[in-house]
Amino acid sequence: MLKGSDAVVPPRPDIHPVTAMYNREAIIPPMCYTQTEGQFNPCYVCHQDKIPGRENTMNDADLQEAYSFSDLGMTNRWDNLFVDRTDRVNAISDDEIKKWINQDNYSELAPRLREAGFTGWIPDLENLQEGTTAFDSEGFAKDGSLWVAFSYKPFPSTFWPTNGSTDDVMIRLDKPYRTNTKGEYSRDIYKANLAILEANIKGLNSIGSLPIDEHNVNVDLNGDNQLTVITEISKVDSYVGAASEFFIDTHLYPEGTEFFHTVRYIGIDDQGQITNARRMKEVRYMKKHRTYPKFALNQYYIEEGWEKDAGYLPGYTNLGQHGLDNGMGWAIQGFMENSEGRLRENSYEETFFCMGCHSSVGSTIDKTFSFSRKVDGAEGWKYISLKGMPDAPNMGETQGEIATYFQRVGGGGEFRSNPEMQQRWFHANGKPNMDAISKAKDVYELITPSTERALTLNKAYKVLVEDQTFAYGRDATVTSPVNVYDKVDNETTPTLPKEFQYSWDIRLDWKKDES
Amino acid sequence: MMKTKLTCLAGAAALTAAQLSVAGTSPYFSPLTQSSAVATPNHVNELNSPWQAPAGVSQVKLTSMSEIEADINQSVIRVPGLSTGASMWDMVAFDDEGENIFIPHETFVGAGATRYNIASDTAEVIFAGDMGGLNGDWSADWGAFDPSTFTPNGTLLLAEEWSGEGRVMEILNPMDAPAFIEYRELTSIINVSHEGLRFSHDHKTLYFVDENNSGSVYKFVMTNTGDYTHGQIFVLAIDDFAGNPAENYNSATNTAAVRTGEATWIPVTDEDGNPLTTIDPFSNEGGSGARAGRLAVDELNATPYGRPEDMEIGKLKNGREVMYFAATSEKRVYSVEMKNGHKAMVRIFAGESETEKNVGFTPTTATLSSPDNLAQDALGNIYIIEDKPNGDDIGGDIWFARDTNTDGVAESLDHFLSIQVDGAEATGMIFNPAKPTQFVVAVQHPDSTNLDNIPGGHGDALWLFDVSKVVPPKCIKGYQKNRWRHHYKRVKTCSSTGDFNFINWLSARGYR
């Protein structure tokens with residue numbers, strides 16, 4: 001049905017969407033079937049117990065030890081992992097794939113959706129396909145849409161360009177967080193609230209900010225008893241402007257917060273540098289329609305556990321063209337390429353895939369990944385840039401996050417199937433080459449692929465696009481990864497001993513790198 | 001517009017189930033053979049017949065969110081931004097005359113109650129919180145009113161389950177105009193995650209439960225019958241329970257522990273209501289995950305069950321009072337026979353693993369999943385209402401628990417109804433105390449309650465059923481092989497061919 005449709009809103013089977021699903025456990029992503037072999041642990045970046053003060057009480061660190069899937073989940077249904085695409089990849093020339101990834105498949109999406117009478121969110125950020133040039137020097141969208149780009153450290157492995165994709169994320173706060181009490185837009189108020197939010201998501205008492213004229217906010221945000229232009233905020237216990245009386249708590253986004261996330265091919269510029277390609281694989285969107293206090297979220301986690309204990313398969317409230325409701329206040333929707341590379345609305349199952357990571361893993365902060373990993377303060381308010389970004393350690397640690405990941409995982413990705421990373425950062429005996437890693441200039445050098453690898457991964461994904469079989473997986477693999485199970489057996493599959501399980505904080509200690 | 005309401009047994013005597021229920025019956029309907037497939041929001045099934053039902057069981061819509069909100073003279077609770085959970089109609093209560101239905105709202109903040117009058121077909125909010133709970137201020141807000149119970153005093157009890165502070169509220173004049181409604185917190189009842197609330201037949205005892213995987217079963221014995229403000233609280237403890245009361249029912253310690261058999265009601269307070277525990281069970285500070293009452297009774301070796309939910313009070317054939325309570329996580333319903341003094345006998349009344357289904361009839365493929373609410377008809381039959389996962393494409397079921405010898409152990413679970421509304425669960429099934437062939441059931445949190453997604457959505461709704469014209473089941477005589485015990489037993493599906501129906505049974509039990 002998907003392969004034969006050019007519609008931006010593809011037809012859906014006239015049955016309950018769950019009935020039409022191939023994989024009712026689509027919330028278990030492919031990497032959860034990695035072979036840990038009793039020592040390699042890529043699981044720790046998702047599965048963690050509660051950190052005091054956080055809203056996330058999933059408490060799923062035990063999933064580092066064992067797979068603990070439902071009976072249905074014991075079989076790896078990401079069949080695309082096991083397909084050899086060598087011949088089809090080889091049939092695509094370098095020029096062809098370069099041309100493909102440089103095409104703009106984004107600009108037509110919004111008008112097509114409007115024409116189709118689409119009722120969900122319609123992308124509203126002009127020229128986003130161009131990446132950084134769509135934003136001004138403070139990360140604000142030039143089109144006045146009030147989306148703000150921020151630079152963050154990509155989540156380990158999955159969003160490293162070397163493993164298949166580049167991406168970017170933008171945030172937009174609701175109107176009261178952008179306006180004064182008269183309802184008038186104020187960029188200073190908006191910048192202040194973005195900074196206050198950043199501090200609260202990260203659980204910090206103060207935070208650097210873009211230049212803010214306190215006169216326009218009418219609050220002494222840095223506590224110096226005067227209203228000046230500031231770049232540091234220490235008063236982070238309430239929002240300002242029209243939202244000054246609104247609910248605020250640490251590690252929670254306010255109601256109306258939106259995230260705009262594009263997943264892209266691996267771009268290659270004229271100088272051979274890896275960039276975000278113009279062509280998008282996916283356009284993802286989240287909106288917080290209700291801020292639940294921590295006690296309510298805790299109850300939802302408890303109920304999620306009850307349902308899992310009872311042996312029920314996961315289920316979410318269907319919002320139609322608004323996507324799926326994760327039950328924790330967020331609505332999630334998305335768009336993917338059709339067989340011709342034109343962006344179209346996700347199928348139900350393709351959105352269902354998003355729900356596990358954005359509802360039921362223990363490491364996230366308010367169900368999100370990127371914002372808590374934003375480069376602190378003013379420096380992080382810009383379109384994502386890996387160049388010059390240090391390998392900051394996670395909070396509570398001293399060694400860089402990527403270096404640590406290499407050590408714990410034993411490879412440059414969940415499946416330890418990235419030969420280029422293995423060659424660059426590991427010794428022949430499989431141990432990380434800490435000397436080489438320490439000499440890397442920045443995150444860019446650590447996690448971007450060679451031009452050759454980038455082209456190959458792009459070709460592999462294009463083959464997936466042509467097939468429209470995303471229900472079987474969306475990983476850009478050419479051949480089947482070696483270290484992945486097609487079935488898990490709780491009786492015989494090795495578990496991870498305690499010494500290979502780790503407590504981990506998704507946040508990054510950018511200050512530690514400065515010292 | 002007034003709707004035509006099916007009625008039967010005109011002038012039926014308003015005898016309560018408690019007065020007459022002495023024995024269960026065989027099923028008076030032909031059981032279903034499978035659960036229903038769920039349709040899309042606002043599907044014709046949702047609008048006209050939300051449940052798959054046996055032949056002759058009628059269902060008529062009483063009211064719905066869309067109907068109420070389209071009428072400026074009516075009102076219902078809708079908490080902004082809560083998507084399908086904006087109204088959450090839960091365990092409704094009839095007044096004694098069967099003329100008004102009280103709808104508790106299980107919203108996480110701003111919870112309250114709506115009164116629906118059947119004759120005028122109008123609904124109005126009589127009580128609601130101020131949403132202060134969003135900021136942690138519960139002084140004038142309430143969360144997740146799951147149960148409502150009309151009391152022998154003519155007042156209405158509402159109680160907080162997973163949200164709020166685990167309080168029980170009493171609406172003192174529930175029939176009055178909303179502006180004059182008076183209420184009070186019953187601080188005589190300890191703070192737990194309330195669900196089932198039912199009075200004993202003599203009205204001296206109020207039974208309640210704590211919905212948690214380490215939740216227990218309680219009773220409040222009034223100092224003076226009818227005074228809900230003073231009394232003594234007890235918690236149920238199985239005499240041979242050797243597990244850890246603080247842990248979940250299925251923890252490694254408790255999984256093998258005995259949780260049926262002889263039991264004792266252990267005092268939680270003295271006769272004046274003073275706590276006998278170190279932890280104050282009346283504290284409102286416990287929070288949603290750690291209600292103070294739950295923590296306190298861990299000191300008393302209270303037996304933990306897997307999410308005790310709704311309950312019903314009936315009478316066994318031996319004349320003793322019995323409490324039935326659903327243990328959702330265990331996929332079971334327990335019966336608790338009240339013995340002399342503060343002793344009791346706990347049995348498994350029905351369970352997915354323990355009770356055969358549709359015995360004597362065509363089998364059903366359905367399973368007993370998450371038994372949640374309970375209902376009781378005038379004959380003493382117990383109905384079990386499921387809370388299956390609501391994102392599924394298969395609807396939850398309602399089961400008739402066949403206990404013809406009324407010994408507190410059902411012989412069969414007979415498949416009665418199956419919901420086919422997207423995203424919804426059935427809640428609040430309750431029989432009309434004045435018209436015993438009628439019962440109501442609510443459709444809770446269907447996808448159509450979310451107006452952002454489904455403009456003009458039907459929403460939470462209340463449906464009236466009538467079984468007076470049910471097509472009696474075809475009698476099956478003979479023997480059936482018991483698939484677990486591997487022996488043959490006599491099949492009892494009805495008394496005699498042709499004369500079996502609900503009306504006849506009622507007449508035989510004294511209803512006119």
# chains A, B, ... in the order shown; residues from 1 in each chain; ligands from 1
call {"tool": "residues_around", "arguments": {"residues": "Asn218 (chain A)", "least_positions_apart": "4", "cutoff": "10 Å", "atoms": "only C-alpha atoms", "output": "list in words"}}
result
Asn180, Ile189, Asp213, Glu214, Gln226, Leu227, Thr228, Val240 and Gly241 of chain A
call {"tool": "residues_around", "arguments": {"residues": "region 232-249 of chain B", "least_positions_apart": "4", "cutoff": "9 Å", "atoms": "only C-alpha atoms", "output": "ChimeraX atom specification"}}
result
/B:188-190,212-223,253-275,294-295,297-307,330,342,344-346
call {"tool": "interface_residues", "arguments": {"of": "chain A", "to": "chain B", "cutoff": "9 Å", "atoms": "only C-alpha atoms", "output": "mmCIF file with N, CA and C atoms, in the first residue's frame"}}
result
data_model
loop_
_atom_site.group_PDB
_atom_site.id
_atom_site.type_symbol
_atom_site.label_atom_id
_atom_site.label_comp_id
_atom_site.auth_asym_id
_atom_site.auth_seq_id
_atom_site.Cartn_x
_atom_site.Cartn_y
_atom_site.Cartn_z
ATOM 1 N N ILE A 15 -9.147 -0.931 8.716
ATOM 2 C CA ILE A 15 -9.275 -1.757 9.917
ATOM 3 C C ILE A 15 -8.579 -1.018 11.050
ATOM 4 N N HIS A 16 -8.765 -1.500 12.257
ATOM 5 C CA HIS A 16 -8.069 -0.870 13.374
ATOM 6 C C HIS A 16 -6.564 -0.908 13.106
ATOM 7 N N PRO A 17 -5.869 0.198 13.316
ATOM 8 C CA PRO A 17 -4.447 0.233 12.952
ATOM 9 C C PRO A 17 -3.611 -0.827 13.644
ATOM 10 N N VAL A 18 -3.982 -1.198 14.842
ATOM 11 C CA VAL A 18 -3.213 -2.240 15.533
ATOM 12 C C VAL A 18 -3.339 -3.568 14.791
ATOM 13 N N THR A 19 -4.520 -3.817 14.268
ATOM 14 C CA THR A 19 -4.739 -5.064 13.540
ATOM 15 C C THR A 19 -3.814 -5.158 12.331
ATOM 16 N N THR A 119 -4.649 17.415 8.989
ATOM 17 C CA THR A 119 -5.071 18.100 10.209
ATOM 18 C C THR A 119 -4.007 18.103 11.297
ATOM 19 N N GLY A 120 -2.978 17.303 11.130
ATOM 20 C CA GLY A 120 -1.916 17.286 12.131
ATOM 21 C C GLY A 120 -0.972 18.466 11.958
ATOM 22 N N PHE A 247 3.342 26.962 36.055
ATOM 23 C CA PHE A 247 3.986 25.832 36.734
ATOM 24 C C PHE A 247 5.402 25.628 36.219
ATOM 25 N N ILE A 248 6.303 25.399 37.147
ATOM 26 C CA ILE A 248 7.682 25.092 36.757
ATOM 27 C C ILE A 248 8.215 24.035 37.703
ATOM 28 N N HIS A 289 1.286 18.375 25.099
ATOM 29 C CA HIS A 289 -0.053 18.942 25.224
ATOM 30 C C HIS A 289 -0.492 19.042 26.676
ATOM 31 N N ARG A 290 0.218 18.410 27.580
ATOM 32 C CA ARG A 290 -0.133 18.520 28.991
ATOM 33 C C ARG A 290 1.113 18.276 29.838
ATOM 34 N N THR A 291 1.376 19.184 30.755
ATOM 35 C CA THR A 291 2.463 18.968 31.699
ATOM 36 C C THR A 291 1.910 18.279 32.932
ATOM 37 N N TYR A 292 2.296 17.055 33.096
ATOM 38 C CA TYR A 292 1.888 16.322 34.285
ATOM 39 C C TYR A 292 2.946 16.512 35.371
ATOM 40 N N PRO A 293 2.504 16.697 36.594
ATOM 41 C CA PRO A 293 3.482 16.747 37.679
ATOM 42 C C PRO A 293 4.155 15.384 37.860
ATOM 43 N N PHE A 295 4.338 13.349 40.280
ATOM 44 C CA PHE A 295 3.599 12.252 40.912
ATOM 45 C C PHE A 295 2.709 11.541 39.892
ATOM 46 N N ALA A 296 2.161 12.314 38.969
ATOM 47 C CA ALA A 296 1.289 11.696 37.962
ATOM 48 C C ALA A 296 2.113 10.863 36.983
ATOM 49 N N ASN A 298 4.861 9.423 37.650
ATOM 50 C CA ASN A 298 5.260 8.216 38.374
ATOM 51 C C ASN A 298 4.165 7.162 38.313
ATOM 52 N N GLN A 299 2.925 7.609 38.428
ATOM 53 C CA GLN A 299 1.811 6.667 38.364
ATOM 54 C C GLN A 299 1.725 6.029 36.977
ATOM 55 N N ILE A 302 4.184 3.358 36.792
ATOM 56 C CA ILE A 302 3.714 2.192 37.556
ATOM 57 C C ILE A 302 2.712 1.396 36.724
ATOM 58 N N TRP A 306 2.598 -2.430 35.356
ATOM 59 C CA TRP A 306 1.504 -3.371 35.617
ATOM 60 C C TRP A 306 1.071 -4.057 34.318
ATOM 61 N N GLU A 307 0.936 -3.260 33.287
ATOM 62 C CA GLU A 307 0.465 -3.835 32.028
ATOM 63 C C GLU A 307 1.500 -4.799 31.455
ATOM 64 N N ASP A 309 3.695 -6.486 33.233
ATOM 65 C CA ASP A 309 3.672 -7.679 34.085
ATOM 66 C C ASP A 309 2.511 -8.598 33.723
ATOM 67 N N ALA A 310 1.405 -7.988 33.330
ATOM 68 C CA ALA A 310 0.226 -8.783 32.981
ATOM 69 C C ALA A 310 0.357 -9.435 31.614
ATOM 70 N N TYR A 312 0.594 -7.819 28.695
ATOM 71 C CA TYR A 312 -0.048 -7.096 27.601
ATOM 72 C C TYR A 312 0.999 -6.469 26.683
ATOM 73 N N LEU A 313 0.656 -6.362 25.446
ATOM 74 C CA LEU A 313 1.528 -5.695 24.489
ATOM 75 C C LEU A 313 1.312 -4.190 24.583
ATOM 76 N N PRO A 314 2.300 -3.404 24.165
ATOM 77 C CA PRO A 314 2.179 -1.951 24.334
ATOM 78 C C PRO A 314 1.061 -1.356 23.482
ATOM 79 N N GLY A 315 0.492 -0.299 23.975
ATOM 80 C CA GLY A 315 -0.566 0.391 23.240
ATOM 81 C C GLY A 315 -0.557 1.868 23.583
ATOM 82 N N TYR A 316 -0.935 2.680 22.624
ATOM 83 C CA TYR A 316 -0.926 4.133 22.813
ATOM 84 C C TYR A 316 -2.208 4.732 22.255
ATOM 85 N N THR A 317 -2.553 5.882 22.767
ATOM 86 C CA THR A 317 -3.744 6.545 22.275
ATOM 87 C C THR A 317 -3.492 7.078 20.871
ATOM 88 N N ASN A 318 -4.341 6.679 19.970
ATOM 89 C CA ASN A 318 -4.193 7.082 18.577
ATOM 90 C C ASN A 318 -4.770 8.485 18.373
ATOM 91 N N LEU A 319 -3.945 9.397 17.933
ATOM 92 C CA LEU A 319 -4.391 10.775 17.709
ATOM 93 C C LEU A 319 -4.637 11.059 16.236
ATOM 94 N N GLY A 320 -4.756 10.006 15.461
ATOM 95 C CA GLY A 320 -5.003 10.188 14.034
ATOM 96 C C GLY A 320 -3.836 10.897 13.379
ATOM 97 N N GLN A 321 -4.090 11.947 12.670
ATOM 98 C CA GLN A 321 -3.025 12.656 11.963
ATOM 99 C C GLN A 321 -2.123 13.456 12.904
ATOM 100 N N HIS A 322 -2.524 13.529 14.170
ATOM 101 C CA HIS A 322 -1.640 14.137 15.172
ATOM 102 C C HIS A 322 -0.665 13.103 15.735
ATOM 103 N N ASP A 325 -0.185 9.443 21.207
ATOM 104 C CA ASP A 325 -0.005 10.050 22.523
ATOM 105 C C ASP A 325 0.784 9.064 23.367
ATOM 106 N N GLY A 329 1.938 12.986 28.236
ATOM 107 C CA GLY A 329 1.751 14.386 27.891
ATOM 108 C C GLY A 329 2.226 14.782 26.517
#
call {"tool": "select_by_dssp", "arguments": {"residues": "region 222-325 of chain A", "states": "helix (DSSP H, G or I)", "output": "PyMOL selection string"}}
result
chain A and resi 241-243+294-309+320-322
call {"tool": "residues_around", "arguments": {"residues": "region 385-392 of chain A", "least_positions_apart": "2", "cutoff": "10 Å", "atoms": "only C-alpha atoms", "output": "PyMOL selection string"}}
result
chain A and resi 132+150-154+168+274-276+373+375+380+382-383+394-395+397-404+437-438+440-448+507-514
call {"tool": "write_last_selection", "arguments": {"atoms": "N, CA and C atoms", "output": "short mmCIF file (atom, residue, chain, number, x, y, z; two decimals), in the first residue's frame"}}
result
data_model
loop_
_atom_site.label_atom_id
_atom_site.label_comp_id
_atom_site.auth_asym_id
_atom_site.auth_seq_id
_atom_site.Cartn_x
_atom_site.Cartn_y
_atom_site.Cartn_z
N THR A 132 22.01 25.32 8.53
CA THR A 132 22.41 26.45 9.36
C THR A 132 21.97 27.81 8.81
N PHE A 150 19.29 24.39 18.37
CA PHE A 150 20.32 24.27 19.40
C PHE A 150 21.29 23.16 19.00
N SER A 151 22.51 23.31 19.47
CA SER A 151 23.56 22.35 19.14
C SER A 151 23.75 21.40 20.31
N TYR A 152 23.74 20.15 20.01
CA TYR A 152 23.77 19.12 21.06
C TYR A 152 24.70 18.00 20.61
N LYS A 153 25.07 17.23 21.58
CA LYS A 153 25.92 16.08 21.27
C LYS A 153 25.01 14.91 20.90
N PRO A 154 25.17 14.37 19.71
CA PRO A 154 24.27 13.30 19.28
C PRO A 154 24.28 12.13 20.26
N ASP A 168 19.17 17.16 13.13
CA ASP A 168 19.13 18.45 13.80
C ASP A 168 17.85 18.52 14.62
N ILE A 274 31.83 16.12 6.12
CA ILE A 274 30.52 15.55 6.41
C ILE A 274 29.59 16.63 6.97
N THR A 275 28.42 16.70 6.42
CA THR A 275 27.44 17.70 6.84
C THR A 275 26.05 17.05 6.91
N ASN A 276 25.10 17.86 7.30
CA ASN A 276 23.72 17.40 7.20
C ASN A 276 23.27 17.56 5.75
N ARG A 373 21.18 17.42 26.32
CA ARG A 373 22.55 17.23 25.86
C ARG A 373 23.05 18.43 25.06
N VAL A 375 24.76 21.88 24.22
CA VAL A 375 25.93 22.60 24.71
C VAL A 375 25.44 23.73 25.61
N GLY A 380 25.46 27.06 22.78
CA GLY A 380 24.62 25.97 22.27
C GLY A 380 23.39 26.43 21.53
N LYS A 382 22.43 27.49 18.51
CA LYS A 382 22.77 27.59 17.08
C LYS A 382 22.45 26.25 16.44
N TYR A 383 22.50 26.23 15.13
CA TYR A 383 22.27 24.97 14.41
C TYR A 383 23.39 23.99 14.79
N ASN A 394 29.85 12.59 30.65
CA ASN A 394 28.52 12.65 31.25
C ASN A 394 28.65 13.12 32.68
N MET A 395 27.59 13.69 33.20
CA MET A 395 27.59 14.15 34.58
C MET A 395 28.02 13.01 35.51
N GLU A 397 30.97 11.76 35.62
CA GLU A 397 32.09 11.00 35.07
C GLU A 397 33.23 11.95 34.70
N THR A 398 34.36 11.40 34.37
CA THR A 398 35.51 12.24 34.05
C THR A 398 35.98 12.06 32.61
N GLN A 399 35.81 10.88 32.11
CA GLN A 399 36.27 10.61 30.75
C GLN A 399 35.19 10.97 29.74
N GLY A 400 35.58 11.36 28.57
CA GLY A 400 34.63 11.74 27.54
C GLY A 400 33.59 10.66 27.28
N GLU A 401 32.39 11.11 26.94
CA GLU A 401 31.29 10.17 26.75
C GLU A 401 31.57 9.17 25.64
N ILE A 402 32.12 9.65 24.55
CA ILE A 402 32.34 8.76 23.41
C ILE A 402 33.44 7.77 23.72
N ALA A 403 34.49 8.25 24.34
CA ALA A 403 35.58 7.35 24.72
C ALA A 403 35.06 6.27 25.67
N THR A 404 34.22 6.69 26.59
CA THR A 404 33.65 5.74 27.55
C THR A 404 32.76 4.73 26.84
N ILE A 437 42.10 8.20 20.57
CA ILE A 437 40.84 8.87 20.93
C ILE A 437 41.14 10.22 21.60
N SER A 438 42.13 10.22 22.47
CA SER A 438 42.43 11.46 23.20
C SER A 438 42.97 12.54 22.27
N ALA A 440 41.83 13.08 19.27
CA ALA A 440 40.80 13.58 18.36
C ALA A 440 40.47 15.02 18.71
N LYS A 441 40.31 15.84 17.69
CA LYS A 441 40.09 17.27 17.94
C LYS A 441 38.73 17.57 18.54
N ASP A 442 37.77 16.80 18.06
CA ASP A 442 36.40 17.13 18.46
C ASP A 442 35.47 15.95 18.18
N VAL A 443 34.20 16.17 18.48
CA VAL A 443 33.20 15.13 18.26
C VAL A 443 33.10 14.80 16.78
N TYR A 444 33.25 15.82 15.97
CA TYR A 444 33.18 15.60 14.52
C TYR A 444 34.18 14.52 14.10
N GLU A 445 35.38 14.66 14.55
CA GLU A 445 36.42 13.70 14.14
C GLU A 445 36.11 12.31 14.67
N LEU A 446 35.49 12.25 15.82
CA LEU A 446 35.24 10.95 16.45
C LEU A 446 34.11 10.16 15.80
N ILE A 447 33.07 10.85 15.32
CA ILE A 447 31.87 10.10 14.96
C ILE A 447 31.36 10.34 13.54
N THR A 448 32.15 10.99 12.73
CA THR A 448 31.71 11.12 11.33
C THR A 448 32.46 10.12 10.46
N ARG A 507 22.87 13.66 30.86
CA ARG A 507 23.39 15.02 30.78
C ARG A 507 24.91 15.02 30.60
N LEU A 508 25.40 16.10 30.08
CA LEU A 508 26.84 16.23 29.83
C LEU A 508 27.42 17.33 30.70
N ASP A 509 28.65 17.10 31.13
CA ASP A 509 29.33 18.08 31.97
C ASP A 509 30.26 18.90 31.09
N TRP A 510 29.67 19.90 30.46
CA TRP A 510 30.46 20.71 29.53
C TRP A 510 31.53 21.50 30.25
N LYS A 511 31.27 21.83 31.51
CA LYS A 511 32.25 22.62 32.26
C LYS A 511 33.52 21.81 32.52
N LYS A 512 33.35 20.51 32.71
CA LYS A 512 34.51 19.68 33.00
C LYS A 512 35.51 19.73 31.86
N ASP A 513 34.99 19.82 30.68
CA ASP A 513 35.90 19.87 29.55
C ASP A 513 36.71 21.16 29.54
N GLU A 514 36.07 22.23 30.01
CA GLU A 514 36.76 23.53 30.02
C GLU A 514 37.95 23.49 30.98
#
call {"tool": "atom_distance", "arguments": {"atom1": "CA of Ala110 (chain A)", "atom2": "CA of Ile266 (chain A)"}}
result
23.1 Å
call {"tool": "residues_around", "arguments": {"residues": "Tyr22 (chain A)", "least_positions_apart": "5", "cutoff": "9 Å", "atoms": "only C-alpha atoms", "output": "number ranges by chain"}}
result
A: 77, 349, 471-472
call {"tool": "write_last_selection", "arguments": {"atoms": "C-alpha atoms", "output": "compact mmCIF listing (two decimals), in the first residue's frame"}}
result
# COMPACT_ATOMS: atom_id res chain seq x y z
CA ARG A 77 11.18 -8.81 13.65
CA GLU A 349 3.32 1.35 12.76
CA ALA A 471 7.98 -1.87 9.24
CA TYR A 472 10.88 -4.33 8.94
